[in-house]
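So this block is entry_13.txt, compact mmCIF, C-alpha atoms and all ligand atoms:
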```txt
# COMPACT_ATOMS: atom_id res chain seq x y z
CA SER A 10 0.00 0.00 0.00
CA SER A 11 1.13 3.55 -0.63
CA ASN A 12 -0.66 5.23 2.26
CA PRO A 13 1.88 7.76 3.60
CA TYR A 14 -0.08 8.09 6.85
CA LEU A 15 0.67 4.55 7.96
CA ARG A 16 3.19 4.72 10.78
CA GLY A 17 6.50 3.15 9.87
CA ALA A 18 8.55 0.92 12.15
CA GLY A 19 10.35 3.01 14.75
CA GLU A 20 8.26 6.10 14.01
CA GLN A 21 6.16 8.01 16.50
CA ALA A 22 2.46 8.61 15.95
CA LEU A 23 1.69 11.97 14.37
CA ALA A 24 0.87 14.59 17.01
CA VAL A 25 -2.35 16.43 16.14
CA ALA A 26 -3.32 19.59 18.02
CA HIS A 27 -7.08 19.40 18.68
CA ARG A 28 -8.62 22.83 17.91
CA GLY A 29 -5.03 24.10 18.17
CA ALA A 30 -3.21 24.00 21.51
CA SER A 31 -6.63 24.22 23.13
CA ALA A 32 -5.62 23.45 26.72
CA ALA A 33 -3.27 26.47 26.70
CA ALA A 34 -5.14 28.99 24.52
CA PRO A 35 -8.75 29.55 23.42
CA GLU A 36 -9.73 26.72 21.08
CA ASN A 37 -9.84 27.28 17.32
CA THR A 38 -8.32 30.78 17.51
CA LEU A 39 -5.23 31.89 15.62
CA ALA A 40 -3.45 32.09 19.00
CA ALA A 41 -4.19 28.41 19.69
CA GLN A 42 -3.15 27.49 16.17
CA GLU A 43 0.16 29.36 16.39
CA LEU A 44 0.93 27.82 19.78
CA ALA A 45 0.26 24.38 18.32
CA ARG A 46 2.55 25.02 15.39
CA ARG A 47 5.34 26.20 17.67
CA SER A 48 4.89 23.17 19.93
CA GLY A 49 5.93 20.94 17.04
CA ALA A 50 2.54 19.40 16.31
CA ASP A 51 2.40 17.61 12.96
CA PHE A 52 -1.16 18.74 12.27
CA ILE A 53 -3.56 21.39 13.53
CA GLU A 54 -7.12 20.13 13.78
CA THR A 55 -9.73 22.75 12.89
CA ASP A 56 -13.53 22.69 12.86
CA ALA A 57 -15.08 24.49 9.88
CA GLN A 58 -18.62 25.70 9.21
CA ILE A 59 -20.27 28.39 7.10
CA SER A 60 -21.74 31.75 8.11
CA LYS A 61 -25.11 33.05 6.94
CA ASP A 62 -23.40 34.91 4.09
CA GLY A 63 -21.42 31.89 2.93
CA VAL A 64 -18.02 32.48 4.54
CA PRO A 65 -16.12 29.54 6.10
CA TYR A 66 -15.29 30.10 9.80
CA VAL A 67 -13.41 28.09 12.38
CA MET A 68 -15.58 27.05 15.34
CA HIS A 69 -16.55 23.81 17.03
CA ASP A 70 -20.00 24.38 18.52
CA ASN A 71 -23.15 25.09 16.52
CA THR A 72 -23.62 28.29 18.52
CA VAL A 73 -21.12 31.02 19.34
CA ASP A 74 -22.36 31.11 22.95
CA ARG A 75 -19.67 29.08 24.74
CA THR A 76 -16.55 30.42 23.03
CA THR A 77 -17.42 34.06 22.32
CA ASN A 78 -19.18 37.05 23.89
CA GLY A 79 -22.09 36.65 21.45
CA THR A 80 -25.10 34.37 21.08
CA GLY A 81 -26.75 32.47 18.30
CA ASP A 82 -26.21 29.71 15.77
CA LEU A 83 -23.16 30.44 13.63
CA THR A 84 -25.03 29.64 10.43
CA THR A 85 -27.55 32.42 11.20
CA LEU A 86 -24.87 35.11 11.74
CA THR A 87 -23.25 37.21 9.03
CA SER A 88 -19.50 37.59 8.73
CA ALA A 89 -19.86 41.22 9.88
CA ARG A 90 -21.39 39.94 13.14
CA LEU A 91 -18.91 37.10 13.54
CA ASP A 92 -15.89 39.34 12.91
CA ALA A 93 -16.98 41.61 15.77
CA LEU A 94 -17.01 38.81 18.38
CA ASP A 95 -14.39 38.30 21.09
CA ALA A 96 -13.34 34.64 21.04
CA GLY A 97 -10.65 34.89 23.72
CA SER A 98 -12.02 36.53 26.86
CA TRP A 99 -14.08 33.48 27.88
CA PHE A 100 -10.79 31.60 28.21
CA SER A 101 -8.59 34.26 29.80
CA SER A 102 -8.33 38.04 29.86
CA LYS A 103 -4.87 37.48 28.37
CA TYR A 104 -6.62 36.50 25.13
CA ALA A 105 -9.16 39.34 25.04
CA GLY A 106 -9.63 40.46 21.46
CA GLU A 107 -8.90 37.12 19.80
CA ARG A 108 -11.31 36.70 16.90
CA VAL A 109 -13.29 33.83 15.45
CA PRO A 110 -10.92 33.08 12.58
CA THR A 111 -12.08 32.74 9.04
CA LEU A 112 -10.78 29.56 7.47
CA ARG A 113 -9.10 31.89 4.98
CA ALA A 114 -7.12 33.61 7.75
CA GLN A 115 -6.02 30.29 9.13
CA ALA A 116 -5.04 28.98 5.70
CA PHE A 117 -2.96 32.05 4.88
CA GLY A 118 -1.28 31.73 8.29
CA LEU A 119 -0.33 28.16 7.49
CA ARG A 120 0.99 29.16 4.10
CA THR A 121 3.18 31.85 5.65
CA ARG A 122 4.42 30.02 8.72
CA GLY A 123 4.12 26.35 7.75
CA GLY A 124 2.03 23.62 9.29
CA ARG A 125 -0.45 21.03 8.14
CA LEU A 126 -4.22 21.22 8.50
CA LEU A 127 -6.55 18.47 9.69
CA LEU A 128 -9.75 20.07 8.44
CA GLU A 129 -12.91 18.79 10.09
CA ILE A 130 -15.94 19.64 8.01
CA LYS A 131 -18.12 20.22 11.06
CA ARG A 132 -21.25 21.43 9.32
CA ALA A 133 -21.97 21.78 5.61
CA ALA A 134 -25.48 21.97 4.19
CA SER A 135 -24.47 21.33 0.59
CA ARG A 136 -21.60 20.35 -1.65
CA ASP A 137 -21.22 24.03 -2.50
CA GLN A 138 -20.45 24.78 1.16
CA VAL A 139 -17.67 22.17 1.15
CA ALA A 140 -16.43 23.72 -2.10
CA ARG A 141 -16.23 27.09 -0.33
CA MET A 142 -14.06 25.58 2.39
CA LEU A 143 -11.73 23.93 -0.10
CA GLY A 144 -11.77 27.11 -2.20
CA VAL A 145 -10.17 29.25 0.49
CA LEU A 146 -7.48 26.61 0.99
CA ARG A 147 -6.85 26.66 -2.76
CA GLU A 148 -6.57 30.47 -2.78
CA ALA A 149 -4.05 30.24 0.07
CA GLY A 150 -2.02 27.76 -1.93
CA ILE A 151 -2.27 24.92 0.59
CA LEU A 152 -4.86 22.69 -1.11
CA SER A 153 -2.53 19.75 -1.51
CA PRO A 154 -2.37 16.23 -0.09
CA ASP A 155 0.87 17.24 1.66
CA ARG A 156 -0.77 20.07 3.59
CA VAL A 157 -4.45 19.17 4.11
CA PHE A 158 -6.22 16.12 5.54
CA VAL A 159 -10.04 16.17 5.58
CA GLN A 160 -12.15 14.50 8.25
CA SER A 161 -15.83 14.40 9.17
CA PHE A 162 -18.42 12.49 11.18
CA SER A 163 -20.62 12.76 8.06
CA LYS A 164 -20.28 10.28 5.21
CA GLN A 165 -22.06 12.82 3.02
CA HIS A 166 -19.40 15.45 3.73
CA LEU A 167 -16.66 12.95 2.92
CA THR A 168 -18.36 11.98 -0.32
CA TRP A 169 -18.63 15.64 -1.35
CA ALA A 170 -14.96 16.19 -0.49
CA ARG A 171 -14.02 13.13 -2.53
CA GLU A 172 -15.93 14.46 -5.53
CA LEU A 173 -14.42 17.94 -5.21
CA ALA A 174 -10.80 17.09 -4.37
CA PRO A 175 -10.22 13.34 -4.75
CA GLU A 176 -6.47 13.75 -4.21
CA LEU A 177 -6.89 14.84 -0.58
CA PRO A 178 -6.59 12.25 2.18
CA ARG A 179 -9.84 11.68 4.10
CA GLY A 180 -10.71 10.27 7.53
CA TYR A 181 -14.06 9.19 8.96
CA LEU A 182 -14.73 10.28 12.55
CA THR A 183 -16.80 8.02 14.73
CA SER A 184 -17.47 7.69 18.45
CA THR A 185 -18.40 4.00 18.12
CA LEU A 186 -16.73 1.36 15.97
CA ASP A 187 -18.60 0.06 12.95
CA ALA A 188 -19.05 -3.71 12.81
CA ASP A 189 -16.59 -3.75 9.88
CA PRO A 190 -14.42 -0.60 9.85
CA VAL A 191 -12.40 -1.90 6.89
CA ALA A 192 -15.56 -2.16 4.76
CA VAL A 193 -16.51 1.41 5.69
CA ALA A 194 -13.04 2.59 4.76
CA ARG A 195 -13.22 0.79 1.44
CA ASP A 196 -16.67 2.20 0.61
CA LEU A 197 -15.63 5.78 1.37
CA GLY A 198 -12.14 5.49 -0.12
CA LEU A 199 -10.62 6.48 3.22
CA THR A 200 -7.02 7.16 4.09
CA ALA A 201 -7.84 6.90 7.80
CA TYR A 202 -10.55 5.66 10.16
CA ASN A 203 -10.68 8.00 13.17
CA PRO A 204 -12.40 6.60 16.26
CA LYS A 205 -12.83 7.94 19.75
CA ALA A 206 -10.03 6.46 21.87
CA ALA A 207 -12.31 4.49 24.20
CA ALA A 208 -14.01 2.79 21.26
CA LEU A 209 -10.69 1.68 19.81
CA THR A 210 -9.14 0.46 23.05
CA ALA A 211 -12.28 -1.65 23.64
CA ARG A 212 -11.54 -3.49 20.38
CA PRO A 213 -7.82 -3.01 19.69
CA SER A 214 -7.62 -5.68 16.96
CA VAL A 215 -9.19 -3.09 14.65
CA VAL A 216 -5.81 -1.31 14.37
CA GLY A 217 -4.24 -4.35 12.71
CA ASP A 218 -7.32 -4.97 10.55
CA LEU A 219 -7.12 -1.41 9.22
CA HIS A 220 -3.36 -1.52 8.72
CA ARG A 221 -3.54 -4.77 6.75
CA ALA A 222 -6.07 -3.00 4.50
CA GLY A 223 -3.75 -0.01 4.08
CA VAL A 224 -5.87 2.29 6.25
CA ALA A 225 -4.41 4.50 9.00
CA THR A 226 -6.10 5.34 12.30
CA MET A 227 -6.09 8.76 14.01
CA VAL A 228 -7.49 8.58 17.52
CA TRP A 229 -9.16 11.33 19.62
CA THR A 230 -9.04 13.15 22.05
CA VAL A 231 -6.31 12.01 24.40
CA ASP A 232 -4.49 14.18 26.95
CA ASP A 233 -3.31 11.54 29.43
CA PRO A 234 0.21 10.01 29.15
CA ALA A 235 -1.04 6.61 30.35
CA GLN A 236 -3.43 6.58 27.39
CA TRP A 237 -0.72 7.84 25.04
CA ARG A 238 1.31 4.81 26.09
CA THR A 239 -1.58 2.42 25.44
CA LEU A 240 -2.30 3.90 22.01
CA ASP A 241 1.39 4.01 21.13
CA SER A 242 1.74 0.32 21.87
CA LEU A 243 -1.35 -0.44 19.77
CA GLY A 244 0.43 1.23 16.85
CA VAL A 245 -2.05 4.01 16.10
CA ASP A 246 -0.89 6.40 13.37
CA ALA A 247 -1.91 9.71 14.94
CA ILE A 248 -2.95 10.96 18.37
CA ILE A 249 -5.29 13.95 18.53
CA THR A 250 -4.74 15.93 21.75
CA ASN A 251 -5.53 19.24 23.43
CA ARG A 252 -1.94 19.20 24.80
CA PRO A 253 0.35 18.95 21.76
CA ALA A 254 3.43 20.39 23.50
CA GLU A 255 3.16 17.74 26.22
CA LEU A 256 2.56 14.95 23.69
CA VAL A 257 5.59 15.99 21.60
CA SER A 258 7.79 16.06 24.76
CA TRP A 259 6.43 12.71 25.89
CA GLN A 260 7.17 11.17 22.50
CA ALA A 261 10.72 12.58 22.51
CA ALA A 262 11.33 10.91 25.87
CA GLN A 263 10.26 7.43 24.67
O1 LIG A 301 -10.50 15.41 15.75
C1 LIG A 301 -11.40 14.65 16.46
C2 LIG A 301 -12.41 15.45 17.21
O2 LIG A 301 -12.25 16.81 16.91
C3 LIG A 301 -13.80 15.04 16.97
O3 LIG A 301 -14.70 15.56 17.92
O4 LIG A 301 -16.37 17.11 18.81
O5 LIG A 301 -13.95 17.59 19.12
O6 LIG A 301 -14.99 17.84 16.89
P1 LIG A 301 -15.00 17.09 18.18
CA CA A 302 -13.11 18.54 15.69
```
Show how you would write the structure in this file as structure tokens.
Amino acid sequence: SSNPYLRGAGEQALAVAHRGASAAAPENTLAAQELARRSGADFIETDAQISKDGVPYVMHDNTVDRTTNGTGDLTTLTSARLDALDAGSWFSSKYAGERVPTLRAQAFGLRTRGGRLLLEIKRAASRDQVARMLGVLREAGILSPDRVFVQSFSKQHLTWARELAPELPRGYLTSTLDADPVAVARDLGLTAYNPKAAALTARPSVVGDLHRAGVATMVWTVDDPAQWRTLDSLGVDAIITNRPAELVSWQAAQ
């Protein structure tokens, strides 16, 4: 198999910064993304969804309530409203004035400073909305299989991404294991199958099943060194964590 995301012998799992370095800085902000990049994370995981006026933004929740000083469902807010929100003060006064990043701003940051993007299509109502997300990555010059990995909990999103940019690697997020993960991976043309850690450790033979089929596994969201050790010994290909600096240090000490 020619899957470059399969972990080679003697290699560490890829370190993926979940929503940026989100234990140390407000999640999914440019500050969290820059901290993740400087911590040596291999990928920055980012949740994308589309504003009322069709602009891709970086946010996890459906509403802006938890992570900004505003209220409402992101898809009902215009970019003018979103750009005025404070996305840092909820976390710490030190981050007052951080904005809800556009995906464009994040993509241009990655182009300038380096770093790879694990793009989670969090919500997309149509193929056109996925095309808008990929479009800003293209404009930033990072729409390449070396720089961008797409993941989603939605098979529909992954199918749209496959139609729009078949060259990009894709991973399917799931909190429970399918009866036959290899069959799901084959059907969707996946590069990776990305389960919640507890689901995978309950049925660890799935790692070998996927690897024999040429499919990688990227596991989420794990901040505890005892669990890093378990997943490392299972041979997972990537660990998604809120504490990328700590994971990178832990890996260096192994
Ligand atoms: O990258 C895996 C993880 O982000 C999936 O769950 O809810 O944090 O987007 P969630
Ligand atoms: Ca996510």
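Considering all atoms listed in the file, the residue among A:Gln115, A:Ser60, A:Thr226, A:Thr183 positioned nearest to Gly81 (chain A) is A:Ser60.
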Original post:
How far is it from CA of Ala45 (chain A) to CA of Met142 (chain A), in Å with one decimal?
Top reply: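 Between CA of Ala45 (chain A) and CA of Met142 (chain A) the gap works out to 21.5 Å.
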Subject >> Site check for ligand LIG 301 (chain A): residues at most 8 Å away, all atoms listed in the file, as an NGL selection string >> reply: :A and (27-28 or 54-56 or 69 or 127 or 129 or 131 or 160 or 162 or 182-183 or 203 or 205 or 228-230 or 249)
Original post:
CA of Ser102 (chain A) and CA of Gln42 (chain A), how far apart in Å?
Top reply: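 Separating CA of Gln42 (chain A) from CA of Ser102 (chain A) is a distance of 18.0 Å.
For the pair CA of Asp51 (chain A) and CA of Ile248 (chain A), the separation is 10.1 Å.
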**OP:** Select, from A:Leu173, A:Met68, A:Ile59, A:Ala133, the residue with the minimum atom-to-atom distance to ligand CA 302 (chain A), counting only C-alpha atoms and all ligand atoms.
**Re:**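 Of all the options, A:Met68 lies closest to ligand CA 302 (chain A).
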Subject >> Residue among A:Leu186, A:Val67, A:Leu152, A:Leu112 lying closest to ligand CA 302 (chain A), counting all atoms listed in the file >> reply: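 Of all the options, A:Val67 lies closest to ligand CA 302 (chain A).
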**OP:** Do a neighbour search on region 238-245 of chain A at 9 Å with only C-alpha atoms, toss out local chain neighbours closer than 3 positions, and write the hits as a list of chain:residue names.
**Re:**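 Everything that qualifies: A:Leu15, A:Arg16, A:Gln21, A:Ala22, A:Leu23, A:Ala206, A:Leu209, A:Thr210, A:Pro213, A:Ser214, A:Val216, A:Gly217, A:Ala225, A:Thr226, A:Met227, A:Val228, A:Asp233, A:Pro234, A:Ala235, A:Ile248.
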Original post:
Near Ala96 (chain A), within 8 Å and counting only C-alpha atoms, which residues show up once chain neighbours fewer than 2 positions away are dropped, as a PyMOL selection string?
Top reply: chain A and resi 35+38+76-78+94+98-99+105-109
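Distance annotation: of A:Ala50, A:Ala33, A:Leu219, A:Ala188, the residue with the minimal separation from Gln260 (chain A) is A:Ala50; atom set is all atoms listed in the file.
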Original post:
So which one's closest to Pro178 (chain A), A:Arg136, A:Thr80, A:Ala262, A:Pro13? Using only C-alpha atoms, please.
Top reply: A:Pro13
**OP:** Around the point (-5.6, -6.3, 4.9), in the coordinates given by the file, pick out the residues reaching within 12 Å, counting all atoms listed in the file, and return them as a list in words.
**Re:**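 Here is the list of nearby residues: Ser10, Pro190, Val191, Ala192, Ala194, Arg195, Val215, Val216, Gly217, Asp218, Leu219, His220, Arg221, Ala222, Gly223, Val224 and Ala225 of chain A.
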Subject >> Which residue of A:Asp246, A:Glu172, A:Asp82, A:Asp62 approaches Ala24 (chain A) most closely, using all atoms listed in the file >> reply: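 Closest to Ala24 (chain A) of all the choices is A:Asp246.
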Subject >> Non-local contacts of Val64 (chain A) (12 Å; all atoms listed in the file; under 2 positions in same chain excluded) as a PyMOL selection string >> reply: chain A and resi 57-62+66-67+83-92+109-114+133+137-145
**OP:** Name the residues, using the chain letters and numbers of the file, that sit within 7 Å of (0.0, 20.4, 6.4) when counting all atoms listed in the file, and give them as a PyMOL selection string.
**Re:** chain A and resi 52+124-126+155-157
Excluding Ala208 (chain A) and residues on its chain fewer than 3 positions from it, collect all residues at most 8 Å away from it, counting all atoms listed in the file, and give them as a CSV table (one decimal) with C-alpha atoms, in the frame of the given file.
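The result, written out as out_5.csv:
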```
chain,number,residue,atom,x,y,z
A,184,SER,CA,-17.5,7.7,18.4
A,185,THR,CA,-18.4,4.0,18.1
A,186,LEU,CA,-16.7,1.4,16.0
A,204,PRO,CA,-12.4,6.6,16.3
A,205,LYS,CA,-12.8,7.9,19.8
A,211,ALA,CA,-12.3,-1.6,23.6
A,212,ARG,CA,-11.5,-3.5,20.4
```
